[in-house]
Amino acid sequence: MKKTFLLILLTTMLFGCKKDWLDYSPIDMYSANIDYKDSDAPKHLNVAAVSIQPSKTDKQETRNTIKSMVEKIKSEHNDIQVIVFGELILEWYYDSESIDVYQKQMAETIPGTSTDFIKNVAIANNVNIVFGLTEIDTITQNIYNTQVLIRNNGDIVKYRKRNLNQTDLDNKMTAGNELVITEIEGIRAAMFICSDMQSDKITKEIADAKVDVILHSLTSSTDLNTNISYVGTQMNTWIVFANRFGTEGDYSYTGFTHIINPAGTISERAVGNGVYVYRRLGIFNK
Amino acid sequence: MKKAIIILNIFLYFNIVLKAQTAERTYYLTTNILSPFSGMNKSSATLNALLPVFSNIEYGFTLSGGYFKNYHFVESRLTLGKSNDYNFIPQIQFGYNFLVIDYFKKNQNGFYIGANIRYWDYINKYTKTQRHNISPSIDLGYIWKKNRFIVDVRLNQNFAIFTKTNIENAKSGFDFSFSPMPELSPVLPFFSINLGYKFGQVEKKK
């Protein structure tokens, strides 16, 4: 009886819990720093990743913060082409006091008030802006954890997060169902939200798509290594990794924000509120 | 890479010299009992991060072989496994250990200190990239020998790492490093429990 129980337990541990969910191990971030020589690359893309603290309920205040950061980056780096903000950055990621209604209250359509506002900022500053928000489908009333790219001409590209984590499910989000690869000034870019990186299927799709850069809007407090990135060793392409700052209920975010090179080393890093990292990415033909 | 090959050769040479010098030797085989559980998807970020710390960051199946001579033992370890579905991570290690208390007190005490060098190839199957890593470490451990059975409990502290990759336009790198997760703990020894069996002649102490 005991033997049978042990056999069942072992079999369950080995095979029973198989699902598409990756978690990381120490060896995934165990490496020396590796520099990446990209100054003589045939193509370049000038990018920034930004960390800000969103207001819990005042989306206009957060939109103004985004506008200020875009103008600041533009004034300090006139050649900037893409600016990436965090996941669901127009609101809190999770409100434990009103789980069932909070995200729906904050949700909006795309196009909508926020995308219209950011579109004007993108056009005025001649820059592509990427950010996350809660999207509502007015027909189905489903809400999505969505990332939008607003081009410098006002065009919108939309991506809905596919690999939802428990918090997304608690937020009553619906999963997206398609990979979005787009081009920005001739560079192949993948739209990507937070725990999408924890899907083996999506990892494989992005590797097969041979993208030049991943535009990664996320919410994370897991800052284990300031030099080597586990998602960097997983993806082996440029990653513009934009996080959030602040205390939201029981959760605190330091705002660690990175640009990760294709060798998995963190090339640029900032921590805090209202901070950003900038880099001219060298892109080689794949 | 040349440096790495030279260091590995020194360990292999050391093995051969010891073999040649001793007439009485006891071989052994052990396995790390926790390494098969490292890298299995446990649906727990904490377990995935912390279990490998207790399996000497060995993932999958580990077989170690070595031999004792008086107060010394040398060892080679081979590990084959993965930390996630997108990778495969073969590891080879060579080590020398010295039964330091037994040497001074002649009391059969199993406490030992030693040095180890680890090579692993982090192969990303999806992006078709490889990272060759070499890391030296110091060991502290205790080995129990009961008849022919061995229980070896060990702490392994790495202190440096060299990495070379086949990723185009990436250089090699070297760092002094005491932890793969320095924000969690700047110094992080890896623990292991190894069970095994001795072969050949049982040692006679001089």
# chains A, B, ... in the order shown; residues from 1 in each chain; ligands from 1
$ interface_residues --of "chain B" --to "chain A" --cutoff "8 Å" --atoms "only C-alpha atoms" --output "VMD selection string"
chain B and resid 39 to 45 48 to 50 52 to 53 57 83 to 86 124 126 to 127 129 133 161 to 163 165 167 169 to 175 180 to 184
$ select_by_dssp --residues "region 43-83 of chain B" --states "alpha helix (DSSP H)" --output "ChimeraX atom specification"
/B:45-50
$ closest_residue --among "B:Asn97, B:Ser38, B:Gln108, B:Gln91" --to "Trp144 (chain B)" --atoms "only C-alpha atoms"
B:Gln108
$ atom_distance --atom1 "CA of Val121 (chain A)" --atom2 "CA of Val70 (chain A)"
7.8 Å
$ select_by_dssp --residues "chain B" --states "strand (DSSP E)" --output "ChimeraX atom specification"
/B:26-32,61-69,72-80,87-88,91-98,111-124,129-146,149-158,160-165,173-176,190-200
$ write_last_selection --atoms "C-alpha atoms" --output "CSV table (one decimal), in the first residue's frame"
chain,number,residue,atom,x,y,z
B,26,THR,CA,39.1,2.6,-2.6
B,27,TYR,CA,36.8,3.7,-5.4
B,28,TYR,CA,33.3,5.0,-4.8
B,29,LEU,CA,30.2,6.0,-6.7
B,30,THR,CA,27.6,8.4,-5.3
B,31,THR,CA,24.6,10.3,-6.5
B,32,ASN,CA,23.1,13.6,-5.4
B,61,PHE,CA,20.8,12.9,-12.8
B,62,THR,CA,24.2,13.2,-11.1
B,63,LEU,CA,26.8,10.5,-10.9
B,64,SER,CA,30.0,11.1,-9.0
B,65,GLY,CA,33.0,8.8,-8.9
B,66,GLY,CA,36.2,9.0,-7.1
B,67,TYR,CA,38.6,7.3,-4.7
B,68,PHE,CA,40.1,7.6,-1.3
B,69,LYS,CA,43.8,7.4,-0.4
B,72,HIS,CA,42.6,12.4,0.6
B,73,PHE,CA,40.0,11.8,-1.9
B,74,VAL,CA,39.5,13.0,-5.4
B,75,GLU,CA,36.2,13.1,-7.3
B,76,SER,CA,34.6,13.7,-10.7
B,77,ARG,CA,30.9,14.5,-11.0
B,78,LEU,CA,28.8,14.4,-14.1
B,79,THR,CA,25.3,15.9,-14.2
B,80,LEU,CA,22.8,15.8,-17.0
B,87,ASN,CA,17.4,24.4,-21.9
B,88,PHE,CA,19.7,21.5,-21.3
B,91,GLN,CA,27.9,19.7,-16.0
B,92,ILE,CA,31.3,18.2,-15.2
B,93,GLN,CA,33.1,18.8,-11.9
B,94,PHE,CA,36.5,17.8,-10.5
B,95,GLY,CA,37.4,18.1,-6.9
B,96,TYR,CA,40.0,17.3,-4.3
B,97,ASN,CA,39.2,16.9,-0.6
B,98,PHE,CA,41.3,16.5,2.5
B,111,PHE,CA,35.1,16.3,8.2
B,112,TYR,CA,36.9,17.5,5.1
B,113,ILE,CA,37.8,20.6,3.2
B,114,GLY,CA,38.6,20.8,-0.5
B,115,ALA,CA,38.5,22.6,-3.8
B,116,ASN,CA,36.3,22.0,-6.8
B,117,ILE,CA,36.1,23.2,-10.3
B,118,ARG,CA,32.8,23.1,-12.2
B,119,TYR,CA,32.1,23.4,-15.9
B,120,TRP,CA,28.6,23.7,-17.3
B,121,ASP,CA,27.2,24.3,-20.7
B,122,TYR,CA,23.9,26.3,-20.6
B,123,ILE,CA,22.3,25.2,-23.9
B,124,ASN,CA,19.3,27.2,-24.9
B,129,THR,CA,22.9,29.4,-28.0
B,130,GLN,CA,25.4,28.0,-25.6
B,131,ARG,CA,27.1,29.5,-22.6
B,132,HIS,CA,30.2,27.7,-21.4
B,133,ASN,CA,30.8,28.5,-17.8
B,134,ILE,CA,33.7,27.6,-15.4
B,135,SER,CA,33.6,28.2,-11.7
B,136,PRO,CA,36.0,27.3,-9.0
B,137,SER,CA,34.8,26.7,-5.4
B,138,ILE,CA,35.9,25.6,-2.0
B,139,ASP,CA,34.1,22.7,-0.2
B,140,LEU,CA,33.3,21.8,3.4
B,141,GLY,CA,31.7,18.5,4.1
B,142,TYR,CA,31.4,15.5,6.2
B,143,ILE,CA,31.5,11.9,4.9
B,144,TRP,CA,30.1,8.9,6.8
B,145,LYS,CA,31.4,5.5,5.8
B,146,LYS,CA,29.5,2.5,7.1
B,149,PHE,CA,28.0,2.7,2.1
B,150,ILE,CA,28.7,6.4,2.0
B,151,VAL,CA,26.7,9.4,3.0
B,152,ASP,CA,28.4,12.7,2.0
B,153,VAL,CA,27.0,16.0,3.1
B,154,ARG,CA,28.6,19.0,1.5
B,155,LEU,CA,28.7,22.8,1.2
B,156,ASN,CA,30.2,24.2,-1.9
B,157,GLN,CA,31.0,27.9,-2.1
B,158,ASN,CA,31.8,29.3,-5.6
B,160,ALA,CA,34.5,33.3,-9.4
B,161,ILE,CA,33.0,32.6,-12.8
B,162,PHE,CA,34.2,32.7,-16.4
B,163,THR,CA,31.7,32.6,-19.2
B,164,LYS,CA,32.1,32.3,-22.9
B,165,THR,CA,29.2,32.1,-25.4
B,173,GLY,CA,33.5,37.6,-19.3
B,174,PHE,CA,35.1,36.9,-15.9
B,175,ASP,CA,33.8,38.0,-12.5
B,176,PHE,CA,34.4,37.3,-8.8
B,190,PHE,CA,25.3,25.2,-2.3
B,191,PHE,CA,24.3,22.2,-0.2
B,192,SER,CA,24.2,18.6,-1.3
B,193,ILE,CA,23.5,15.2,0.1
B,194,ASN,CA,25.1,12.3,-1.7
B,195,LEU,CA,24.6,8.7,-1.2
B,196,GLY,CA,26.9,6.0,-2.5
B,197,TYR,CA,28.9,2.8,-2.4
B,198,LYS,CA,32.6,1.9,-2.0
B,199,PHE,CA,34.3,-0.6,-4.2
B,200,GLY,CA,37.7,-2.2,-4.2
$ atom_distance --atom1 "CA of Lys128 (chain B)" --atom2 "CA of Lys286 (chain A)"
12.5 Å
$ atom_distance --atom1 "CA of Glu108 (chain A)" --atom2 "CA of Ile136 (chain A)"
5.3 Å
$ residues_around --residues "region 83-94 of chain A" --least-positions-apart "5" --cutoff "9 Å" --atoms "only C-alpha atoms" --output "MDAnalysis selection string"
chainID A and resid 46:63 66 70 73 99 102:103 106 114 127:134 145:147 149 167:168 170:171 193:194 215:219 240:244 248:249 251 278
$ closest_residue --among "A:Asp79, A:Glu183, A:Asp100, A:Asp155" --to "Leu169 (chain A)" --atoms "only C-alpha atoms"
A:Asp100
